[in-house]
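Student: What follows is entry_6.txt, made up of compact mmCIF, C-alpha atoms:
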# COMPACT_ATOMS: atom_id res chain seq x y z
CA MET A 1 40.47 -16.18 -16.37
CA SER A 2 37.21 -17.15 -17.94
CA VAL A 3 34.86 -14.78 -19.71
CA ASP A 4 32.39 -15.10 -16.83
CA GLN A 5 35.09 -14.12 -14.34
CA LEU A 6 36.09 -11.15 -16.49
CA TYR A 7 32.49 -9.94 -16.66
CA GLY A 8 32.22 -10.42 -12.91
CA TRP A 9 35.28 -8.25 -12.28
CA MET A 10 34.04 -5.64 -14.74
CA ALA A 11 30.71 -5.48 -12.90
CA ALA A 12 32.46 -5.23 -9.53
CA PHE A 13 34.64 -2.38 -10.80
CA THR A 14 31.57 -0.56 -12.11
CA LEU A 15 29.92 -0.74 -8.68
CA MET A 16 33.00 0.07 -6.61
CA PRO A 17 36.05 1.24 -8.58
CA TRP A 18 39.46 0.65 -7.08
CA GLY A 19 42.85 2.03 -7.90
CA ASP A 20 42.63 5.71 -6.97
CA GLU A 21 46.41 5.94 -7.04
CA TRP A 22 46.42 9.62 -7.99
CA LEU A 23 44.68 10.64 -4.79
CA ARG A 24 46.80 8.37 -2.61
CA ASP A 25 49.99 9.74 -4.15
CA ALA A 26 48.74 13.32 -3.89
CA VAL A 27 48.13 12.85 -0.15
CA LEU A 28 51.68 11.57 0.29
CA MET A 29 53.12 14.45 -1.74
CA ALA A 30 51.17 17.03 0.27
CA GLN A 31 52.40 15.50 3.53
CA GLN A 32 55.99 15.50 2.30
CA TYR A 33 55.80 19.07 1.06
CA ASN A 34 54.07 20.41 4.17
CA ALA A 35 56.55 18.69 6.49
CA ASN A 36 59.47 20.33 4.68
CA ARG A 37 58.05 23.59 3.37
CA PRO A 38 59.97 26.81 3.96
CA LYS A 39 58.80 29.16 6.66
CA GLY A 40 56.20 31.57 5.37
CA LYS A 41 55.03 29.33 2.54
CA PRO A 42 51.40 28.21 2.77
CA ALA A 43 50.51 24.56 3.31
CA LEU A 44 49.31 22.72 0.24
CA LYS A 45 46.40 20.31 0.00
CA PRO A 46 46.40 16.97 -1.83
CA TRP A 47 44.31 18.51 -4.63
CA ASP A 48 47.23 20.83 -5.37
CA PHE A 49 49.16 17.76 -6.54
CA MET A 50 46.43 16.23 -8.68
CA PRO A 51 46.95 16.36 -12.42
CA VAL A 52 44.56 18.59 -14.30
CA GLU A 53 44.17 19.34 -17.96
CA GLN A 54 45.67 22.70 -18.77
CA ARG A 55 46.29 24.65 -21.90
CA PRO A 56 49.94 24.74 -23.02
CA GLN A 57 51.95 27.40 -21.23
CA THR A 58 53.48 30.27 -23.11
CA GLN A 59 57.21 30.87 -22.85
CA ASP A 60 56.58 33.98 -20.70
CA GLU A 61 54.47 31.93 -18.27
CA MET A 62 57.20 29.30 -18.00
CA TRP A 63 59.83 31.93 -17.19
CA ARG A 64 57.58 33.56 -14.56
CA ILE A 65 56.98 30.18 -12.87
CA LEU A 66 60.70 29.39 -12.98
CA GLN A 67 61.48 32.70 -11.26
CA GLN A 68 58.90 31.95 -8.54
CA VAL A 69 60.42 28.54 -7.90
CA ARG A 70 63.93 29.99 -7.60
CA THR A 71 62.86 32.43 -4.87
Transcribe the structure of this file into structure tokens.

Tutor:
Amino acid sequence: MSVDQLYGWMAAFTLMPWGDEWLRDAVLMAQQYNANRPKGKPALKPWDFMPVEQRPQTQDEMWRILQQVRT
């Protein structure tokens, strides 16, 4: 690839970025979860599966989440 081609691809990506794999995968995960969710559990949206920056969890928070998952 020449330098001119590289700059061309960089300009194209700036105008119309591609590769939104997180959203595509989140849609698939939401479909899979919602098709197999237990009765009484609410449906989830793709944004529920998107990674977000969070502060580190405390040990108490981890135990509480683990207990929720087990029920």

Student: Using all atoms listed in the file, determine which residues lie at most 8 Å from region 50-63 of chain A, disregarding the query and same-chain residues fewer than 6 positions distant; provide the list as an NGL selection string.

Tutor: :A and (22-23 or 26)

Student: Can you work out the spacing between CA of Lys45 (chain A) and CA of Arg24 (chain A) in Å, to one decimal?

Tutor: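 Separating CA of Lys45 (chain A) from CA of Arg24 (chain A) is a distance of 12.2 Å.
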
Student: What does the structure give for the distance between CA of Leu66 (chain A) and CA of Lys41 (chain A), in Å to one decimal?

Tutor: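 Rounded to one decimal, the two atoms are 16.5 Å apart.
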
Student: Would you pick out the contacts of region 30-37 of chain A at 10 Å or less, using all atoms listed in the file, so that residues sharing its chain but fewer than 5 positions from it are not included, and give the list as JSON, numbers by chain?

Tutor: {"A": [25, 42, 43, 44, 45, 46, 47, 48, 49]}

Student: Expressed in Å to a single decimal, how great is the separation between CA of Met1 (chain A) and CA of Phe13 (chain A)?

Tutor: 16.0 Å

Student: Using 6 Å of padding on each side, determine the axis-aligned box around all atoms of region 15-33 of chain A present in the file and give its centre and edge lengths in Å to one decimal, as JSON.

Tutor:
{"center_x": 43.0, "center_y": 9.2, "center_z": -2.6, "size_x": 38.1, "size_y": 31.8, "size_z": 24.2}
